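Undergrad: Quick one: structure below, then a few questions.
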Amino acid sequence: MSVEQEVQQIIIQTLNVLPEELKIDERLYDSLGVDSTEMVELVIVLEKKFGITIEDKQITKFSSPREIIMLMEQKRGTA
Amino acid sequence: MKDIVITGMGVAAPPGIGTEDFWHNIRDGRSFVGPISRFDSSLYPSRIAGQINGLESYSERLSPRLLKKIDRFSHMALVTSELALKDASIDLHNFNLNRTGIFMGNTLGGWLFAETELRDLHVEGREGVSPYMASAWFPAAPQGQISILYGIKGYSKTVIADRAGSLMAIAYGAQILARGKLDLVLAGGTEAPVTPYALLCCNTYDLLSRKNDAPETAYAPFDKNRDGLVVAEGAGIVTLERLDDARKRNAPLYAKICGFYTNCDGHDRVVFEPEGLALAWAIEEALKEAEFDKDSIDYICADGAANASGDISETRAIKKVFGKRAKEIPVSAPKSMFGNLLGAQGSVDVITTVLSMMFNNICPTINHRNPDPECDLDYVPNKAQQKDIKRALVISRGRGGINAVMALERLRNGHKPTTLTGGNHYVS
């Protein structure tokens, strides 16, 4: 599974949303109404899944799935 | 308190979800207490409870995304608020949400959620704890969740007063309505005590019956062989409006909240003041506010703590207020059928009492086989009693000697109830 697929699956499962609700280039806040607590959960899951550390504000509710995918690819590459 | 009426009722309790199922199952005196099935409680002195099944099927509006963030006590509050609004034929689009309020009673908070996370904290460390913990466990969480679901923004409050909390919540909601600060109130209580830690707290307080081998006979208020109450989970919420407003929108008019009083025994942490003096005073004050003649009370829904201190002092208080007539007034504890919902019990007692008024049927105190000689009132033992009830009192009491009494009056002008759905048969 590619990083892109993996991140999308994590977002869908963690936030309990339908695959068609996920908009790859839209901010999570705009497309899914994600709040800050949900973002904390999402960051914890991403950190565990990819074995990385995400610094404060690297991912926020104003990030898009594509931005998160890019960050994961970058972090995995440098891990 | 003038002209505040109950226009909708929502209940989720062991006998049923929604007033129709609930009433169908309690009117004949069946027990809904059983062994705890949610977790291994085999080492607990008391391991029986009233539990709710099938809550999920009443949760159409509640997404899995929301349910994973909230505790069971908020879930039950959301379901019963929806049921109450539906019962009242209320479309919130027609109400000013800045003038709509929420008043909720709760005692324990959301321990089902909190315990899981505390276990994770100790096993996995800080990062194992769900970020939703912060907003899921605390007693005012249901108030917040209801407000978020509907966008309600008006004056609101959560009341923590042990088993008296939800009766107080309804009274405070009614008082704020009467002062004109709000136009609509959702009021009641919710409690989820069937969790390992919450049940342990109730056990260590020595509050609970230990008749684990015969759960259905365990909760026996006013009986010589009682040994404590049985806890139950559930929620009860009513909608309150001013009578004029309710009439204008042709709302169901179930009952009027006419009087309320609350005070403290000022006596002891564990037992009630033995003569019931403060409770008697609270009853007198509630009657005074309601402008009810003592002789006009047709029914009393009792606290029924099922311990000597609670039962005897409650009986003495009623006798002190009503004198010789005390023995003629039916005094029952329908909660003996399904358990005590603690912070939600007062609101469920209000709903039970209103249903009794509607159907001229007083639900019994079950398991009343060997009357305590000190408890010599008509407790409606074991079998329902047919009676026309126009005026009633509801009594709720809490640990540390909290007393609360509400005076209710039926509102249905002779209409004969035929069904519970919608409630439009009771419009005055």
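By convention in this document, the chains of the structure tokens carry letters A, B, ... by their order, each chain's residues are numbered from 1, and ligands are numbered from 1 in the order they are shown.
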From stretch 150-304 of chain B, collect each residue whose DSSP state is alpha helix (DSSP H) and return the set as an MDAnalysis selection string.
TA: chainID B and resid 150 165:178 196:204 243:248 277:290
Undergrad: Restricting it to N, CA and C atoms, dump the selection as a compact mmCIF listing (two decimals), in the first residue's frame.
TA:
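See out28.txt below for the written result:
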```
# COMPACT_ATOMS: atom_id res chain seq x y z
N TYR B 150 -28.12 20.31 18.85
CA TYR B 150 -29.24 21.13 18.39
C TYR B 150 -28.89 22.61 18.19
N GLY B 165 -30.53 15.22 41.97
CA GLY B 165 -30.04 16.13 40.94
C GLY B 165 -31.03 16.44 39.83
N SER B 166 -31.68 15.42 39.29
CA SER B 166 -32.53 15.70 38.12
C SER B 166 -33.86 16.32 38.51
N LEU B 167 -34.34 16.05 39.72
CA LEU B 167 -35.57 16.74 40.16
C LEU B 167 -35.26 18.23 40.31
N MET B 168 -34.09 18.51 40.87
CA MET B 168 -33.66 19.92 40.99
C MET B 168 -33.49 20.55 39.61
N ALA B 169 -32.92 19.78 38.68
CA ALA B 169 -32.69 20.33 37.34
C ALA B 169 -34.02 20.74 36.70
N ILE B 170 -35.03 19.89 36.83
CA ILE B 170 -36.35 20.24 36.27
C ILE B 170 -36.90 21.49 36.96
N ALA B 171 -36.74 21.54 38.28
CA ALA B 171 -37.27 22.70 39.03
C ALA B 171 -36.55 23.99 38.63
N TYR B 172 -35.23 23.92 38.52
CA TYR B 172 -34.49 25.14 38.16
C TYR B 172 -34.83 25.58 36.74
N GLY B 173 -34.99 24.63 35.85
CA GLY B 173 -35.41 24.96 34.49
C GLY B 173 -36.76 25.65 34.49
N ALA B 174 -37.68 25.11 35.30
CA ALA B 174 -39.02 25.70 35.38
C ALA B 174 -38.96 27.11 35.96
N GLN B 175 -38.10 27.29 36.97
CA GLN B 175 -38.00 28.62 37.59
C GLN B 175 -37.46 29.67 36.61
N ILE B 176 -36.45 29.26 35.82
CA ILE B 176 -35.89 30.21 34.84
C ILE B 176 -36.93 30.55 33.76
N LEU B 177 -37.70 29.53 33.36
CA LEU B 177 -38.80 29.78 32.40
C LEU B 177 -39.81 30.76 32.99
N ALA B 178 -40.17 30.51 34.25
CA ALA B 178 -41.18 31.36 34.90
C ALA B 178 -40.71 32.80 34.99
N PRO B 196 -17.23 -0.70 36.20
CA PRO B 196 -16.49 -1.26 37.34
C PRO B 196 -16.22 -0.26 38.46
N TYR B 197 -15.75 0.94 38.09
CA TYR B 197 -15.39 1.90 39.14
C TYR B 197 -16.62 2.53 39.78
N ALA B 198 -17.58 2.92 38.97
CA ALA B 198 -18.79 3.56 39.51
C ALA B 198 -19.53 2.61 40.44
N LEU B 199 -19.63 1.35 40.03
CA LEU B 199 -20.32 0.37 40.86
C LEU B 199 -19.55 0.14 42.16
N LEU B 200 -18.22 0.18 42.06
CA LEU B 200 -17.39 0.00 43.26
C LEU B 200 -17.66 1.13 44.26
N CYS B 201 -17.76 2.35 43.77
CA CYS B 201 -18.04 3.49 44.65
C CYS B 201 -19.38 3.31 45.35
N CYS B 202 -20.39 2.88 44.60
CA CYS B 202 -21.70 2.66 45.21
C CYS B 202 -21.62 1.54 46.23
N ASN B 203 -20.81 0.52 45.93
CA ASN B 203 -20.66 -0.60 46.86
C ASN B 203 -19.96 -0.17 48.15
N THR B 204 -18.88 0.58 48.02
CA THR B 204 -18.13 0.95 49.22
C THR B 204 -18.93 1.91 50.10
N LEU B 243 -47.32 27.89 29.97
CA LEU B 243 -48.62 27.35 29.54
C LEU B 243 -49.18 28.12 28.33
N ASP B 244 -49.09 29.45 28.38
CA ASP B 244 -49.64 30.25 27.27
C ASP B 244 -48.95 29.92 25.95
N ASP B 245 -47.61 29.81 26.01
CA ASP B 245 -46.85 29.49 24.79
C ASP B 245 -47.22 28.11 24.28
N ALA B 246 -47.35 27.17 25.20
CA ALA B 246 -47.66 25.79 24.80
C ALA B 246 -49.05 25.72 24.17
N ARG B 247 -49.98 26.47 24.74
CA ARG B 247 -51.35 26.48 24.18
C ARG B 247 -51.36 27.07 22.77
N LYS B 248 -50.55 28.15 22.61
CA LYS B 248 -50.50 28.82 21.30
C LYS B 248 -50.07 27.87 20.20
N LEU B 277 -37.46 15.62 59.65
CA LEU B 277 -37.98 16.98 59.89
C LEU B 277 -37.72 17.91 58.70
N ALA B 278 -36.50 17.83 58.15
CA ALA B 278 -36.20 18.72 57.03
C ALA B 278 -37.01 18.31 55.79
N LEU B 279 -37.18 17.00 55.60
CA LEU B 279 -37.99 16.57 54.45
C LEU B 279 -39.44 17.04 54.63
N ALA B 280 -39.96 16.93 55.85
CA ALA B 280 -41.33 17.40 56.11
C ALA B 280 -41.45 18.89 55.79
N TRP B 281 -40.44 19.63 56.18
CA TRP B 281 -40.44 21.07 55.90
C TRP B 281 -40.42 21.30 54.38
N ALA B 282 -39.60 20.52 53.66
CA ALA B 282 -39.53 20.68 52.20
C ALA B 282 -40.90 20.37 51.56
N ILE B 283 -41.57 19.34 52.06
CA ILE B 283 -42.90 19.01 51.52
C ILE B 283 -43.87 20.17 51.76
N GLU B 284 -43.83 20.70 52.99
CA GLU B 284 -44.72 21.83 53.33
C GLU B 284 -44.47 23.02 52.40
N GLU B 285 -43.21 23.31 52.16
CA GLU B 285 -42.88 24.47 51.33
C GLU B 285 -43.28 24.26 49.87
N ALA B 286 -43.09 23.03 49.38
CA ALA B 286 -43.50 22.74 47.99
C ALA B 286 -45.02 22.88 47.85
N LEU B 287 -45.75 22.39 48.86
CA LEU B 287 -47.21 22.51 48.85
C LEU B 287 -47.63 23.99 48.90
N LYS B 288 -46.90 24.75 49.71
CA LYS B 288 -47.23 26.17 49.86
C LYS B 288 -47.02 26.91 48.55
N GLU B 289 -45.89 26.64 47.89
CA GLU B 289 -45.64 27.32 46.62
C GLU B 289 -46.69 26.93 45.58
N ALA B 290 -47.09 25.67 45.63
CA ALA B 290 -48.08 25.19 44.66
C ALA B 290 -49.50 25.67 44.98
```
Undergrad: Quick one: everything within 8 Å of stretch 182-191 of chain B, counting only C-alpha atoms, minus sequence neighbours fewer than 6 positions away in the same chain. Send it as a PyMOL selection string.
TA: chain B and resi 73-74+76-77+81+95-96+99-109+142+154-155+165-167+169-170+173-174+176+233-242+341-348
Undergrad: Check every residue of chain A for an atom within 12 Å of chain B, counting only C-alpha atoms, and provide those that qualify as an NGL selection string.
TA: :A and (11-18 or 32-45 or 47-48)
Undergrad: List the neighbours of A:Arg76 out to 9 Å using only C-alpha atoms; skip same-chain residues closer than 6 positions along the sequence, and give me the result as a compact mmCIF listing (two decimals) with C-alpha atoms, in the first residue's frame.
TA:
```txt
# COMPACT_ATOMS: atom_id res chain seq x y z
CA PHE A 50 4.56 5.53 10.49
CA GLY A 51 6.90 5.34 13.51
CA ILE A 52 7.65 9.04 13.37
```
Undergrad: Find the residue from B:Gly110, B:Gly310, B:Gly180, B:Pro373 that sits nearest to B:Glu273; use only C-alpha atoms when measuring.
TA: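 Checking each of B:Gly110, B:Gly310, B:Gly180, B:Pro373 against B:Glu273, counting only C-alpha atoms, the winner is B:Gly310.
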Undergrad: Give me, as a ChimeraX atom specification, all polymer residues having an atom no more than 7 Å from A:Ser64, counting only C-alpha atoms and skipping those fewer than 5 positions away in the same chain.
TA: /A:24-28
Undergrad: When you look at B:Ala220 with a cut-off of 9 Å (counting only C-alpha atoms), what residues show up, excluding the ones that are within fewer than 6 positions of it in the same chain? I need them as a PyMOL selection string.
TA: chain B and resi 209+226-229+304-307+336+365-369
Undergrad: Just write the chosen residues, N, CA and C atoms, as a PDB file, in the first residue's frame.
TA:
```pdb
ATOM      1  N   SER B 209     -28.084  -3.275  47.581  1.00  0.00           N
ATOM      2  CA  SER B 209     -28.585  -4.590  47.994  1.00  0.00           C
ATOM      3  C   SER B 209     -27.587  -5.682  47.589  1.00  0.00           C
ATOM      4  N   ARG B 226     -35.441  -5.311  53.558  1.00  0.00           N
ATOM      5  CA  ARG B 226     -34.658  -4.558  52.556  1.00  0.00           C
ATOM      6  C   ARG B 226     -33.192  -4.526  52.984  1.00  0.00           C
ATOM      7  N   ASP B 227     -32.323  -4.414  51.993  1.00  0.00           N
ATOM      8  CA  ASP B 227     -30.900  -4.271  52.342  1.00  0.00           C
ATOM      9  C   ASP B 227     -30.193  -3.291  51.413  1.00  0.00           C
ATOM     10  N   GLY B 228     -30.937  -2.355  50.873  1.00  0.00           N
ATOM     11  CA  GLY B 228     -30.311  -1.332  50.041  1.00  0.00           C
ATOM     12  C   GLY B 228     -30.940  -1.256  48.668  1.00  0.00           C
ATOM     13  N   LEU B 229     -30.542  -0.251  47.920  1.00  0.00           N
ATOM     14  CA  LEU B 229     -31.124  -0.087  46.593  1.00  0.00           C
ATOM     15  C   LEU B 229     -30.302  -0.833  45.537  1.00  0.00           C
ATOM     16  N   GLY B 304     -37.755   6.194  48.346  1.00  0.00           N
ATOM     17  CA  GLY B 304     -37.594   4.736  48.512  1.00  0.00           C
ATOM     18  C   GLY B 304     -36.156   4.265  48.502  1.00  0.00           C
ATOM     19  N   ALA B 305     -35.364   4.741  49.462  1.00  0.00           N
ATOM     20  CA  ALA B 305     -33.934   4.409  49.490  1.00  0.00           C
ATOM     21  C   ALA B 305     -33.680   2.940  49.817  1.00  0.00           C
ATOM     22  N   ALA B 306     -34.676   2.271  50.382  1.00  0.00           N
ATOM     23  CA  ALA B 306     -34.548   0.852  50.749  1.00  0.00           C
ATOM     24  C   ALA B 306     -33.457   0.608  51.782  1.00  0.00           C
ATOM     25  N   ASN B 307     -33.265   1.575  52.670  1.00  0.00           N
ATOM     26  CA  ASN B 307     -32.501   1.318  53.889  1.00  0.00           C
ATOM     27  C   ASN B 307     -33.319   1.905  55.039  1.00  0.00           C
ATOM     28  N   SER B 336     -38.515   0.451  42.333  1.00  0.00           N
ATOM     29  CA  SER B 336     -38.224  -0.886  42.867  1.00  0.00           C
ATOM     30  C   SER B 336     -38.276  -1.942  41.755  1.00  0.00           C
ATOM     31  N   THR B 365     -45.010  -0.478  44.499  1.00  0.00           N
ATOM     32  CA  THR B 365     -43.715  -0.763  45.107  1.00  0.00           C
ATOM     33  C   THR B 365     -43.628  -2.285  45.127  1.00  0.00           C
ATOM     34  N   ILE B 366     -42.729  -2.835  44.345  1.00  0.00           N
ATOM     35  CA  ILE B 366     -42.680  -4.307  44.342  1.00  0.00           C
ATOM     36  C   ILE B 366     -41.755  -4.806  45.454  1.00  0.00           C
ATOM     37  N   ASN B 367     -41.765  -6.101  45.659  1.00  0.00           N
ATOM     38  CA  ASN B 367     -40.964  -6.762  46.699  1.00  0.00           C
ATOM     39  C   ASN B 367     -41.374  -6.311  48.103  1.00  0.00           C
ATOM     40  N   HIS B 368     -42.605  -5.907  48.235  1.00  0.00           N
ATOM     41  CA  HIS B 368     -43.089  -5.460  49.545  1.00  0.00           C
ATOM     42  C   HIS B 368     -43.872  -6.612  50.169  1.00  0.00           C
ATOM     43  N   ARG B 369     -43.168  -7.499  50.845  1.00  0.00           N
ATOM     44  CA  ARG B 369     -43.786  -8.721  51.392  1.00  0.00           C
ATOM     45  C   ARG B 369     -43.910  -8.675  52.902  1.00  0.00           C
TER      46      ARG B 369
END
```
Undergrad: For B:Asp223, which residue out of B:Glu82, B:Asp378, B:Asp311, B:Asp91 is the nearest one, using only C-alpha atoms?
TA: B:Asp311
Undergrad: Work out how far apart atom CA of A:Val3 and atom CA of A:Ser63 are and give it in Å to one decimal.
TA: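 Atom CA of A:Ser63 lies at a distance of 16.5 Å from atom CA of A:Val3.
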Undergrad: Residues at most 12 Å from B:Gly401, counting only C-alpha atoms, excluding those fewer than 6 positions away in the same chain, as a list in words?
TA: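 Neighbouring residues, sequence-local ones excluded: Ala161, Asp162, Arg163, Ala164, Thr262, Asn263, Cys264, Asp265, Gly266, His267, Asp268, Arg269, Val270, Val271, Phe272, Glu273, Pro274, Gly276, Leu277, Ala278, Leu279, Ser309, Gly310, Ser313 and Glu314 of chain B.
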Undergrad: Take the residues from that selection and write them out as an mmCIF file, in the first residue's frame, keeping N, CA and C atoms.
TA:
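File written: part_11.cif
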```cif
data_model
loop_
_atom_site.group_PDB
_atom_site.id
_atom_site.type_symbol
_atom_site.label_atom_id
_atom_site.label_comp_id
_atom_site.auth_asym_id
_atom_site.auth_seq_id
_atom_site.Cartn_x
_atom_site.Cartn_y
_atom_site.Cartn_z
ATOM 1 N N ALA B 161 -26.391 16.705 42.655
ATOM 2 C CA ALA B 161 -26.947 16.654 44.010
ATOM 3 C C ALA B 161 -27.352 15.219 44.314
ATOM 4 N N ASP B 162 -26.468 14.295 43.985
ATOM 5 C CA ASP B 162 -26.740 12.866 44.171
ATOM 6 C C ASP B 162 -28.101 12.505 43.545
ATOM 7 N N ARG B 163 -28.922 11.743 44.256
ATOM 8 C CA ARG B 163 -30.153 11.235 43.647
ATOM 9 C C ARG B 163 -31.220 12.321 43.481
ATOM 10 N N ALA B 164 -30.958 13.512 44.006
ATOM 11 C CA ALA B 164 -31.925 14.598 43.877
ATOM 12 C C ALA B 164 -31.615 15.494 42.675
ATOM 13 N N THR B 262 -36.239 22.589 48.112
ATOM 14 C CA THR B 262 -35.112 21.717 48.427
ATOM 15 C C THR B 262 -34.401 22.255 49.666
ATOM 16 N N ASN B 263 -33.915 21.336 50.493
ATOM 17 C CA ASN B 263 -33.149 21.749 51.671
ATOM 18 C C ASN B 263 -32.208 20.620 52.094
ATOM 19 N N CYS B 264 -31.598 20.767 53.258
ATOM 20 C CA CYS B 264 -30.634 19.771 53.727
ATOM 21 C C CYS B 264 -30.987 19.324 55.137
ATOM 22 N N ASP B 265 -30.688 18.060 55.430
ATOM 23 C CA ASP B 265 -30.912 17.559 56.786
ATOM 24 C C ASP B 265 -29.975 18.223 57.795
ATOM 25 N N GLY B 266 -28.747 18.520 57.362
ATOM 26 C CA GLY B 266 -27.758 19.053 58.303
ATOM 27 C C GLY B 266 -27.497 18.090 59.440
ATOM 28 N N HIS B 267 -27.362 16.817 59.093
ATOM 29 C CA HIS B 267 -27.315 15.809 60.156
ATOM 30 C C HIS B 267 -26.111 14.881 60.076
ATOM 31 N N ASP B 268 -25.946 14.168 58.941
ATOM 32 C CA ASP B 268 -24.907 13.134 58.887
ATOM 33 C C ASP B 268 -24.519 12.862 57.439
ATOM 34 N N ARG B 269 -23.301 12.367 57.255
ATOM 35 C CA ARG B 269 -22.814 12.075 55.896
ATOM 36 C C ARG B 269 -23.531 10.881 55.284
ATOM 37 N N VAL B 270 -23.879 9.905 56.117
ATOM 38 C CA VAL B 270 -24.413 8.651 55.583
ATOM 39 C C VAL B 270 -25.927 8.488 55.809
ATOM 40 N N VAL B 271 -26.369 8.719 57.030
ATOM 41 C CA VAL B 271 -27.790 8.467 57.320
ATOM 42 C C VAL B 271 -28.600 9.763 57.308
ATOM 43 N N PHE B 272 -29.903 9.611 57.047
ATOM 44 C CA PHE B 272 -30.802 10.765 57.080
ATOM 45 C C PHE B 272 -31.170 11.087 58.529
ATOM 46 N N GLU B 273 -31.584 12.309 58.751
ATOM 47 C CA GLU B 273 -32.066 12.710 60.082
ATOM 48 C C GLU B 273 -33.299 11.844 60.381
ATOM 49 N N PRO B 274 -33.304 11.142 61.533
ATOM 50 C CA PRO B 274 -34.283 10.068 61.736
ATOM 51 C C PRO B 274 -35.748 10.496 61.724
ATOM 52 N N GLY B 276 -37.102 12.881 59.920
ATOM 53 C CA GLY B 276 -37.524 13.429 58.623
ATOM 54 C C GLY B 276 -38.013 14.865 58.717
ATOM 55 N N LEU B 277 -37.464 15.616 59.654
ATOM 56 C CA LEU B 277 -37.976 16.977 59.892
ATOM 57 C C LEU B 277 -37.717 17.906 58.704
ATOM 58 N N ALA B 278 -36.501 17.832 58.152
ATOM 59 C CA ALA B 278 -36.196 18.716 57.025
ATOM 60 C C ALA B 278 -37.012 18.312 55.793
ATOM 61 N N LEU B 279 -37.179 17.003 55.598
ATOM 62 C CA LEU B 279 -37.993 16.567 54.452
ATOM 63 C C LEU B 279 -39.441 17.036 54.626
ATOM 64 N N SER B 309 -32.752 3.973 57.470
ATOM 65 C CA SER B 309 -32.683 5.414 57.671
ATOM 66 C C SER B 309 -33.557 6.172 56.664
ATOM 67 N N GLY B 310 -33.433 5.827 55.404
ATOM 68 C CA GLY B 310 -34.181 6.525 54.360
ATOM 69 C C GLY B 310 -35.667 6.234 54.450
ATOM 70 N N SER B 313 -37.351 7.636 57.854
ATOM 71 C CA SER B 313 -37.428 9.105 57.931
ATOM 72 C C SER B 313 -38.371 9.656 56.861
ATOM 73 N N GLU B 314 -38.421 9.006 55.692
ATOM 74 C CA GLU B 314 -39.348 9.461 54.649
ATOM 75 C C GLU B 314 -40.789 9.241 55.100
#
```
Undergrad: Name all residues at most 6 Å from stretch 256-258 of chain B (count only C-alpha atoms; drop same-chain ones fewer than 6 positions away) and give them as a PyMOL selection string.
TA: chain B and resi 1+4-5+290+407-409
Undergrad: May I have the selected residues written with C-alpha atoms, as a PDB file, in the first residue's frame?
TA:
```pdb
ATOM      1  CA  MET B   1     -44.204  28.786  40.414  1.00  0.00           C
ATOM      2  CA  ILE B   4     -44.947  25.983  33.686  1.00  0.00           C
ATOM      3  CA  VAL B   5     -45.998  22.825  31.894  1.00  0.00           C
ATOM      4  CA  ALA B 290     -48.084  25.191  44.655  1.00  0.00           C
ATOM      5  CA  ALA B 407     -45.648  19.312  43.331  1.00  0.00           C
ATOM      6  CA  LEU B 408     -47.347  18.402  40.052  1.00  0.00           C
ATOM      7  CA  GLU B 409     -50.870  18.875  38.712  1.00  0.00           C
TER       8      GLU B 409
END
```
Undergrad: Atom CA of A:Ile69 to atom CA of B:Ile70: how many Å, to one decimal?
TA: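 If I compute the distance from atom CA of A:Ile69 to atom CA of B:Ile70, I get 29.1 Å.
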Undergrad: Suppose you want the space between atom CA of B:Met337 and atom CA of B:Ile389; what is it in Å?
TA: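 Rounded to one decimal, the two atoms are 20.9 Å apart.
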Undergrad: Just checking: using only C-alpha atoms, which residue out of B:Phe138, B:Ser332, B:Asn53, B:Arg410 ends up closest to B:Leu253?
TA: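 When distances to B:Leu253 are compared using only C-alpha atoms, the smallest one comes from B:Arg410.
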